[in-house]
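This is input-v8.csv. It holds CSV, C-alpha atoms and all ligand atoms.
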chain,number,residue,atom,x,y,z
A,1,MET,CA,0.6,-19.1,2.9
A,2,SER,CA,-0.8,-17.3,-0.2
A,3,ARG,CA,1.0,-17.7,-3.5
A,4,PHE,CA,1.7,-14.0,-3.5
A,5,LEU,CA,3.4,-14.1,-0.2
A,6,ILE,CA,5.6,-17.0,-1.3
A,7,PHE,CA,6.4,-15.0,-4.4
A,8,ILE,CA,7.4,-11.9,-2.4
A,9,ILE,CA,9.6,-13.8,0.0
A,10,TRP,CA,11.3,-15.5,-2.8
A,11,MET,CA,11.9,-12.3,-4.6
A,12,ALA,CA,13.2,-10.6,-1.5
A,13,LEU,CA,15.7,-13.4,-1.0
A,14,THR,CA,16.8,-13.5,-4.6
A,15,ILE,CA,16.8,-9.9,-5.7
A,16,PRO,CA,18.8,-7.1,-4.1
A,17,CYS,CA,16.5,-4.3,-2.9
A,18,SER,CA,18.4,-1.5,-4.6
A,19,SER,CA,15.1,0.3,-5.4
A,20,GLN,CA,15.6,3.1,-8.0
A,21,GLN,CA,17.1,2.3,-11.3
A,22,SER,CA,18.1,4.7,-14.0
A,23,TYR,CA,16.7,4.1,-17.5
A,24,SER,CA,18.4,4.1,-20.8
A,25,PRO,CA,17.7,7.4,-22.7
A,26,ASP,CA,16.4,5.2,-25.5
A,27,TYR,CA,13.1,4.8,-23.5
A,28,MET,CA,10.8,7.7,-23.8
A,29,LEU,CA,8.5,8.3,-20.9
A,30,PRO,CA,5.9,11.0,-20.5
A,31,THR,CA,6.7,14.2,-18.5
A,32,LEU,CA,4.5,14.5,-15.4
A,33,PHE,CA,2.9,17.7,-14.4
A,34,ASN,CA,3.0,17.0,-10.7
A,35,ASP,CA,6.1,14.9,-10.4
A,36,ASP,CA,6.9,14.4,-6.7
A,37,GLY,CA,10.5,13.6,-7.7
A,38,ASP,CA,10.8,10.0,-6.5
A,39,ASP,CA,11.1,8.2,-9.9
A,40,PHE,CA,7.9,6.3,-9.1
A,41,VAL,CA,4.6,7.1,-10.8
A,42,VAL,CA,1.3,6.9,-8.9
A,43,ILE,CA,-1.2,5.8,-11.6
A,44,ALA,CA,-5.0,6.0,-11.0
A,45,HIS,CA,-6.4,2.9,-12.7
A,46,ARG,CA,-9.5,3.9,-14.7
A,47,GLY,CA,-9.4,7.0,-12.6
A,48,ALA,CA,-9.8,6.7,-8.8
A,49,SER,CA,-12.0,3.8,-9.6
A,50,ALA,CA,-12.3,2.4,-6.0
A,51,TYR,CA,-14.3,5.5,-5.1
A,52,PHE,CA,-16.0,6.6,-8.4
A,53,PRO,CA,-17.5,4.8,-11.4
A,54,GLU,CA,-14.5,3.7,-13.5
A,55,ASN,CA,-13.5,5.6,-16.6
A,56,THR,CA,-15.8,8.6,-15.9
A,57,MET,CA,-15.0,12.3,-15.5
A,58,ALA,CA,-15.9,11.9,-11.8
A,59,ALA,CA,-13.2,9.2,-11.5
A,60,PHE,CA,-10.7,11.3,-13.3
A,61,LYS,CA,-11.4,14.5,-11.3
A,62,GLY,CA,-11.1,12.4,-8.1
A,63,ALA,CA,-7.7,11.0,-9.2
A,64,LEU,CA,-6.4,14.6,-9.8
A,65,GLU,CA,-7.7,15.7,-6.4
A,66,MET,CA,-5.9,12.7,-4.8
A,67,ASN,CA,-2.7,13.8,-6.4
A,68,ALA,CA,-2.2,10.9,-8.7
A,69,GLU,CA,0.6,11.6,-11.1
A,70,MET,CA,-1.0,9.8,-14.1
A,71,ILE,CA,-4.5,8.6,-15.0
A,72,GLU,CA,-4.9,5.3,-16.9
A,73,LEU,CA,-7.9,5.0,-19.2
A,74,ASP,CA,-9.2,2.6,-21.8
A,75,VAL,CA,-10.1,3.5,-25.3
A,76,MET,CA,-12.6,1.9,-27.6
A,77,LEU,CA,-14.2,3.1,-30.9
A,78,SER,CA,-17.9,4.0,-31.2
A,79,LYS,CA,-19.8,2.7,-34.3
A,80,ASP,CA,-19.2,6.0,-36.0
A,81,GLY,CA,-15.5,5.8,-35.2
A,82,VAL,CA,-15.0,8.2,-32.3
A,83,PRO,CA,-12.5,7.2,-29.6
A,84,VAL,CA,-14.4,6.8,-26.3
A,85,VAL,CA,-13.3,5.9,-22.8
A,86,PHE,CA,-14.7,2.6,-21.7
A,87,HIS,CA,-13.1,-0.7,-20.6
A,88,ASP,CA,-15.5,-3.5,-21.6
A,89,ALA,CA,-16.5,-4.7,-25.0
A,90,VAL,CA,-20.1,-4.8,-23.8
A,91,LEU,CA,-22.2,-2.2,-22.0
A,92,GLU,CA,-24.2,-4.1,-19.4
A,93,ASP,CA,-21.9,-4.1,-16.4
A,94,HIS,CA,-21.0,-0.4,-16.3
A,95,THR,CA,-23.9,1.4,-17.9
A,96,ASN,CA,-27.7,1.0,-18.2
A,97,GLY,CA,-27.2,-0.1,-21.8
A,98,SER,CA,-26.7,-3.6,-23.3
A,99,GLY,CA,-24.8,-5.2,-26.2
A,100,GLU,CA,-21.6,-4.3,-27.8
A,101,LEU,CA,-20.3,-0.8,-27.4
A,102,SER,CA,-19.1,-0.8,-31.0
A,103,ASP,CA,-22.7,-1.2,-32.2
A,104,TYR,CA,-23.6,2.3,-30.9
A,105,THR,CA,-22.9,5.7,-32.3
A,106,LEU,CA,-21.4,8.4,-30.0
A,107,ASP,CA,-24.8,10.1,-29.8
A,108,GLU,CA,-26.4,6.9,-28.7
A,109,LEU,CA,-23.6,6.2,-26.2
A,110,LYS,CA,-24.0,9.6,-24.7
A,111,GLN,CA,-27.6,8.8,-23.8
A,112,LEU,CA,-26.4,6.1,-21.4
A,113,ASP,CA,-25.9,6.4,-17.7
A,114,ALA,CA,-22.4,5.2,-16.7
A,115,GLY,CA,-22.6,6.1,-13.0
A,116,SER,CA,-25.7,4.5,-11.4
A,117,TRP,CA,-24.3,1.0,-11.5
A,118,PHE,CA,-21.7,2.3,-9.0
A,119,SER,CA,-24.0,4.4,-6.8
A,120,LYS,CA,-27.1,6.6,-7.2
A,121,GLU,CA,-24.9,9.5,-6.3
A,122,PHE,CA,-23.3,9.2,-9.7
A,123,ALA,CA,-26.5,8.9,-11.8
A,124,GLY,CA,-26.1,10.7,-15.1
A,125,GLU,CA,-22.3,10.2,-15.4
A,126,LYS,CA,-21.6,9.7,-19.1
A,127,ILE,CA,-19.1,7.7,-21.1
A,128,PRO,CA,-16.5,10.3,-21.9
A,129,THR,CA,-14.8,10.8,-25.3
A,130,LEU,CA,-11.0,10.7,-25.3
A,131,GLU,CA,-11.2,14.3,-26.5
A,132,GLN,CA,-13.1,15.3,-23.3
A,133,VAL,CA,-10.5,13.6,-21.1
A,134,LEU,CA,-7.6,15.3,-23.0
A,135,ALA,CA,-9.3,18.7,-22.6
A,136,PHE,CA,-9.6,18.0,-18.8
A,137,ALA,CA,-6.0,16.6,-18.4
A,138,ARG,CA,-4.2,19.2,-20.5
A,139,GLY,CA,-1.7,21.1,-18.3
A,140,LYS,CA,-2.7,19.1,-15.2
A,141,ILE,CA,-2.1,15.4,-15.3
A,142,ALA,CA,-0.3,12.9,-17.6
A,143,LEU,CA,-2.4,10.0,-19.2
A,144,ASN,CA,-1.8,6.4,-19.9
A,145,ILE,CA,-4.0,5.7,-22.9
A,146,GLU,CA,-4.7,2.0,-23.2
A,147,ILE,CA,-6.0,1.1,-26.6
A,148,LYS,CA,-8.3,-1.9,-26.2
A,149,THR,CA,-7.8,-4.9,-28.4
A,150,GLU,CA,-11.4,-4.7,-29.6
A,151,ALA,CA,-10.6,-1.3,-31.3
A,152,VAL,CA,-7.4,-2.4,-33.1
A,153,SER,CA,-7.4,-3.5,-36.7
A,154,ASP,CA,-4.7,-4.2,-39.2
A,155,GLU,CA,-5.2,-0.8,-40.7
A,156,VAL,CA,-2.9,2.0,-39.7
A,157,LYS,CA,-4.7,4.7,-41.7
A,158,GLY,CA,-7.9,5.8,-40.0
A,159,GLY,CA,-7.4,3.3,-37.1
A,160,VAL,CA,-7.9,3.9,-33.4
A,161,GLU,CA,-4.2,4.6,-33.0
A,162,GLU,CA,-4.1,7.4,-35.7
A,163,LYS,CA,-7.3,9.0,-34.3
A,164,SER,CA,-6.1,8.9,-30.7
A,165,LEU,CA,-2.7,10.2,-31.6
A,166,ALA,CA,-4.2,13.1,-33.6
A,167,LEU,CA,-6.3,14.1,-30.6
A,168,VAL,CA,-3.3,13.9,-28.3
A,169,LYS,CA,-1.4,16.3,-30.6
A,170,GLU,CA,-4.4,18.6,-31.1
A,171,TYR,CA,-4.4,19.0,-27.3
A,172,GLY,CA,-0.6,19.4,-27.1
A,173,MET,CA,-0.3,16.3,-24.8
A,174,GLN,CA,2.2,14.3,-26.9
A,175,ASP,CA,4.9,14.7,-24.2
A,176,HIS,CA,2.5,13.8,-21.4
A,177,VAL,CA,1.0,10.5,-22.5
A,178,LEU,CA,2.0,6.9,-22.5
A,179,PHE,CA,0.1,4.8,-24.9
A,180,SER,CA,-0.2,1.0,-24.2
A,181,SER,CA,-2.0,-2.0,-25.5
A,182,PHE,CA,-2.3,-5.8,-25.1
A,183,ASP,CA,-2.6,-5.9,-28.9
A,184,TYR,CA,1.0,-5.4,-30.1
A,185,ARG,CA,-0.2,-4.3,-33.5
A,186,ALA,CA,-1.2,-1.0,-31.8
A,187,ILE,CA,2.3,-0.4,-30.6
A,188,THR,CA,3.7,-1.1,-34.1
A,189,HIS,CA,1.1,1.3,-35.6
A,190,LEU,CA,1.8,4.1,-33.1
A,191,LYS,CA,5.6,3.9,-33.7
A,192,GLN,CA,5.0,3.9,-37.4
A,193,LEU,CA,2.9,7.0,-37.1
A,194,ASP,CA,5.3,8.7,-34.7
A,195,PRO,CA,8.5,7.0,-33.4
A,196,SER,CA,8.8,9.6,-30.7
A,197,ILE,CA,5.4,8.9,-29.0
A,198,PRO,CA,5.9,7.0,-25.7
A,199,ALA,CA,4.3,3.5,-25.9
A,200,ALA,CA,4.4,0.5,-23.6
A,201,LEU,CA,3.8,-3.1,-24.3
A,202,LEU,CA,1.1,-4.5,-22.1
A,203,TYR,CA,2.3,-8.1,-21.6
A,204,ASN,CA,0.1,-10.6,-23.4
A,205,ASN,CA,1.1,-14.2,-22.9
A,206,ARG,CA,-0.4,-15.4,-26.2
A,207,SER,CA,1.5,-12.9,-28.4
A,208,SER,CA,4.8,-13.1,-26.6
A,209,ASN,CA,6.3,-16.4,-27.8
A,210,LYS,CA,8.0,-16.9,-24.4
A,211,LEU,CA,10.2,-13.9,-25.1
A,212,LEU,CA,11.7,-11.9,-22.3
A,213,PRO,CA,10.7,-8.2,-21.6
A,214,SER,CA,13.9,-6.9,-23.2
A,215,GLN,CA,13.3,-9.0,-26.3
A,216,LEU,CA,9.7,-7.8,-26.6
A,217,VAL,CA,10.4,-4.2,-25.9
A,218,SER,CA,13.2,-4.2,-28.5
A,219,GLN,CA,11.1,-6.1,-31.1
A,220,TYR,CA,8.3,-3.6,-30.9
A,221,LYS,CA,10.4,-0.5,-30.1
A,222,ALA,CA,8.4,0.0,-27.0
A,223,ASP,CA,9.4,2.4,-24.2
A,224,ALA,CA,8.2,0.3,-21.2
A,225,PHE,CA,7.0,-3.1,-20.1
A,226,ASN,CA,3.6,-3.1,-18.4
A,227,CYS,CA,2.4,-6.3,-16.7
A,228,SER,CA,0.2,-7.6,-13.8
A,229,TYR,CA,1.9,-8.1,-10.5
A,230,GLN,CA,1.4,-11.9,-10.9
A,231,GLN,CA,3.4,-11.8,-14.2
A,232,LEU,CA,6.4,-10.0,-12.6
A,233,ASN,CA,8.3,-13.2,-11.8
A,234,ARG,CA,12.0,-13.4,-11.0
A,235,LYS,CA,13.1,-14.1,-14.5
A,236,ARG,CA,11.3,-11.1,-15.9
A,237,LEU,CA,12.3,-8.8,-13.1
A,238,ARG,CA,15.9,-9.8,-13.5
A,239,ASP,CA,15.8,-9.1,-17.2
A,240,ILE,CA,14.0,-5.8,-16.7
A,241,ARG,CA,16.7,-4.7,-14.2
A,242,LEU,CA,19.6,-5.9,-16.3
A,243,ASN,CA,18.3,-3.9,-19.3
A,244,SER,CA,17.0,-0.9,-17.2
A,245,ILE,CA,13.5,-1.1,-18.7
A,246,PRO,CA,10.8,1.0,-17.2
A,247,VAL,CA,8.1,-1.3,-15.7
A,248,PHE,CA,4.6,-0.4,-14.7
A,249,VAL,CA,2.6,-2.9,-12.7
A,250,TYR,CA,-1.2,-3.3,-12.5
A,251,THR,CA,-3.6,-3.5,-10.6
A,252,VAL,CA,-2.5,-3.2,-7.0
A,253,ASN,CA,-4.9,-2.1,-4.2
A,254,GLN,CA,-3.3,-3.8,-1.2
A,255,LYS,CA,-0.9,-1.9,1.0
A,256,ARG,CA,1.5,-4.7,1.6
A,257,ARG,CA,1.7,-5.5,-2.1
A,258,MET,CA,2.2,-1.8,-3.0
A,259,LYS,CA,5.0,-1.5,-0.4
A,260,LYS,CA,6.9,-4.5,-1.7
A,261,LEU,CA,6.7,-3.4,-5.3
A,262,VAL,CA,7.8,0.1,-4.5
A,263,GLN,CA,10.7,-1.3,-2.5
A,264,LEU,CA,11.6,-3.5,-5.5
A,265,GLY,CA,12.0,-0.3,-7.5
A,266,VAL,CA,9.2,-0.7,-10.1
A,267,SER,CA,8.6,2.5,-12.2
A,268,GLY,CA,5.0,2.9,-11.3
A,269,ILE,CA,1.9,1.1,-10.1
A,270,PHE,CA,-1.7,1.2,-11.4
A,271,SER,CA,-4.1,1.3,-8.5
A,272,ASP,CA,-7.8,1.9,-8.0
A,273,LYS,CA,-6.8,3.7,-4.8
A,274,PRO,CA,-4.2,6.3,-5.8
A,275,ASP,CA,-4.5,8.0,-2.4
A,276,LEU,CA,-3.4,4.9,-0.6
A,277,LEU,CA,-0.6,4.2,-3.2
A,278,ARG,CA,0.7,7.8,-2.7
A,279,GLN,CA,0.8,7.3,1.1
A,280,VAL,CA,2.7,4.0,0.8
A,281,ALA,CA,5.2,5.4,-1.8
A,282,GLU,CA,5.8,8.4,0.5
A,283,LYS,CA,6.4,6.2,3.5
A,284,VAL,CA,8.9,4.0,1.6
A,285,ARG,CA,10.7,7.1,0.4
A,286,GLU,CA,11.0,8.5,4.0
A,287,LYS,CA,12.8,5.4,5.2
B,1,LIG,O1,-3.0,-0.9,-18.3
B,1,LIG,C1,-3.1,-1.6,-17.1
B,1,LIG,C2,-4.5,-2.3,-16.9
B,1,LIG,O2,-5.5,-1.3,-17.1
B,1,LIG,C3,-4.6,-3.4,-17.9
B,1,LIG,O3,-5.7,-4.2,-17.7
B,1,LIG,O4,-8.0,-4.9,-18.1
B,1,LIG,O5,-7.6,-3.1,-16.4
B,1,LIG,O6,-7.4,-2.6,-18.8
B,1,LIG,P1,-7.2,-3.7,-17.8
B,2,MG,MG,-6.8,-0.6,-18.7
Go ahead and render the structure in this file as structure tokens.
Ligand code: G3P
Ligand code: MG
Amino acid sequence: MSRFLIFIIWMALTIPCSSQQSYSPDYMLPTLFNDDGDDFVVIAHRGASAYFPENTMAAFKGALEMNAEMIELDVMLSKDGVPVVFHDAVLEDHTNGSGELSDYTLDELKQLDAGSWFSKEFAGEKIPTLEQVLAFARGKIALNIEIKTEAVSDEVKGGVEEKSLALVKEYGMQDHVLFSSFDYRAITHLKQLDPSIPAALLYNNRSSNKLLPSQLVSQYKADAFNCSYQQLNRKRLRDIRLNSIPVFVYTVNQKRRMKKLVQLGVSGIFSDKPDLLRQVAEKVREK
């Protein structure tokens, strides 16, 4: 029996399946443009990345067409300090370039092909800037902006957080974004810059000193606890429920896993297949 199956059976036996929980007003979550009203958020991980090259405009447009309620994207800084949307520190796996992304200016990054690695059909897809994605999403779909650790420094002034936040505000999206980061400094910086901006801790074992979600969220003034499905163990889930903390779980592409997590009442799931996730969530809701 797989470890996941054992985990699910164990959780089913030990935790009441009360599904929806109400959150304390202290937690600020983004307003969705296309909320289907079920208190569960369908999040397209790096866009609809099972069907399109991840973190490209094609993947984001696909996610919107599939009726995702939020798009997750990863933000790095180009050599000349522009927030760009890309997951890896290096270019080789998801573009025709090589070496570290941060060694290239925006103009140089824009020469790269970010689609052919996925399929010839997407040849010519570019690495988008955060600004491009905000212009696309404005008025249409909420964003989870994950600040990659590689982009974070000790500086608040002029850092990736300040630049990204300024762009979000320029596009009037401050009520429709959830920032997140594995680097807890980013959460501290964002809350220093604007305590009202929604920001989630992305659980990072090394930075967490064995603290519970409620302790971490309170320490960093975060609005949600994001973790992988493997990290959502009984102890953490119990603490999350007791303290009514919003919890978003990544990256879930299997139907069975999606169903169980929706039944457990998690706040949202990141999936490369937002179409499948929406179907599963709707089915659970019908019952
Ligand atoms: O934010 C959820 C998830 O995207 C975190 O992991 O590596 O896919 O960015 P990663
Ligand atoms: Mg991410």
(request) Excluding region 193-204 of chain A and residues on its chain fewer than 4 positions from it, collect all residues at most 9 Å away from it, counting only C-alpha atoms, and give them as an MDAnalysis selection string. (result) chainID A and resid 27:30 146 156 161:162 165 174:184 187:189 208 213 216:217 220:228 231 247:248
Neighbourhood of ligand MG 2 (chain B) at 9 Å, counting all atoms listed in the file, reported as a compact mmCIF listing (two decimals) with C-alpha atoms, in the frame of the given file:
# COMPACT_ATOMS: atom_id res chain seq x y z
CA HIS A 45 -6.40 2.90 -12.70
CA ARG A 46 -9.50 3.90 -14.70
CA GLU A 72 -4.90 5.30 -16.90
CA LEU A 73 -7.90 5.00 -19.20
CA ASP A 74 -9.20 2.60 -21.80
CA VAL A 75 -10.10 3.50 -25.30
CA HIS A 87 -13.10 -0.70 -20.60
CA ASN A 144 -1.80 6.40 -19.90
CA ILE A 145 -4.00 5.70 -22.90
CA GLU A 146 -4.70 2.00 -23.20
CA ILE A 147 -6.00 1.10 -26.60
CA LYS A 148 -8.30 -1.90 -26.20
CA SER A 180 -0.20 1.00 -24.20
CA SER A 181 -2.00 -2.00 -25.50
CA TYR A 250 -1.20 -3.30 -12.50
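Environment of (7.7, 17.1, -15.0): residues at most 10 Å away, judged by all atoms listed in the file, are Pro30, Thr31, Leu32, Phe33, Asn34, Asp35, Asp36, Gly37, Glu69, Ile141, Ala142, Asp175 and His176 of chain A.
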Could you give me the axis-aligned bounding box of region 185-204 of chain A, with 4 Å of padding per side, as centre plus edge lengths in Å to one decimal, as JSON?
{"center_x": 3.8, "center_y": -0.5, "center_z": -29.5, "size_x": 18.0, "size_y": 28.2, "size_z": 23.8}
(message) From the options A:Leu101, A:Gly81, A:Phe40, A:Phe136, which residue's atoms come nearest to Thr56 (chain A), counting only C-alpha atoms?
(response)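 When distances to Thr56 (chain A) are compared using only C-alpha atoms, the smallest one comes from A:Phe136.
The interatomic distance for the pair CA of Gln132 (chain A) and CA of Ser153 (chain A) works out to 23.8 Å.
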Skipping near chain neighbours, those fewer than 6 positions away, what residues fall within 12 Å of Val82 (chain A) using only C-alpha atoms, listed as an mmCIF file with C-alpha atoms, in the coordinates of the input?
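Below you can see part.cif, which holds the result:
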data_model
loop_
_atom_site.group_PDB
_atom_site.id
_atom_site.type_symbol
_atom_site.label_atom_id
_atom_site.label_comp_id
_atom_site.auth_asym_id
_atom_site.auth_seq_id
_atom_site.Cartn_x
_atom_site.Cartn_y
_atom_site.Cartn_z
ATOM 1 C CA VAL A 75 -10.100 3.500 -25.300
ATOM 2 C CA MET A 76 -12.600 1.900 -27.600
ATOM 3 C CA LEU A 101 -20.300 -0.800 -27.400
ATOM 4 C CA SER A 102 -19.100 -0.800 -31.000
ATOM 5 C CA TYR A 104 -23.600 2.300 -30.900
ATOM 6 C CA THR A 105 -22.900 5.700 -32.300
ATOM 7 C CA LEU A 106 -21.400 8.400 -30.000
ATOM 8 C CA ASP A 107 -24.800 10.100 -29.800
ATOM 9 C CA LEU A 109 -23.600 6.200 -26.200
ATOM 10 C CA LYS A 110 -24.000 9.600 -24.700
ATOM 11 C CA ILE A 127 -19.100 7.700 -21.100
ATOM 12 C CA PRO A 128 -16.500 10.300 -21.900
ATOM 13 C CA THR A 129 -14.800 10.800 -25.300
ATOM 14 C CA LEU A 130 -11.000 10.700 -25.300
ATOM 15 C CA GLU A 131 -11.200 14.300 -26.500
ATOM 16 C CA GLN A 132 -13.100 15.300 -23.300
ATOM 17 C CA ALA A 151 -10.600 -1.300 -31.300
ATOM 18 C CA GLY A 158 -7.900 5.800 -40.000
ATOM 19 C CA GLY A 159 -7.400 3.300 -37.100
ATOM 20 C CA VAL A 160 -7.900 3.900 -33.400
ATOM 21 C CA GLU A 161 -4.200 4.600 -33.000
ATOM 22 C CA GLU A 162 -4.100 7.400 -35.700
ATOM 23 C CA LYS A 163 -7.300 9.000 -34.300
ATOM 24 C CA SER A 164 -6.100 8.900 -30.700
ATOM 25 C CA ALA A 166 -4.200 13.100 -33.600
ATOM 26 C CA LEU A 167 -6.300 14.100 -30.600
#
(request) Could you give me, as a PyMOL selection string, the residues within 12 Å of Arg278 (chain A), counting all atoms listed in the file and dropping anything in the same chain fewer than 2 positions from it? (result) chain A and resi 35-36+38+40-44+63+66-70+253+255+258-259+262+268-276+280-285
(message) Please compute the CA of Asp239 (chain A)-CA of Val252 (chain A) distance, one decimal, in Å.
(response)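 Computed distance, CA of Asp239 (chain A) to CA of Val252 (chain A), equals 21.8 Å.
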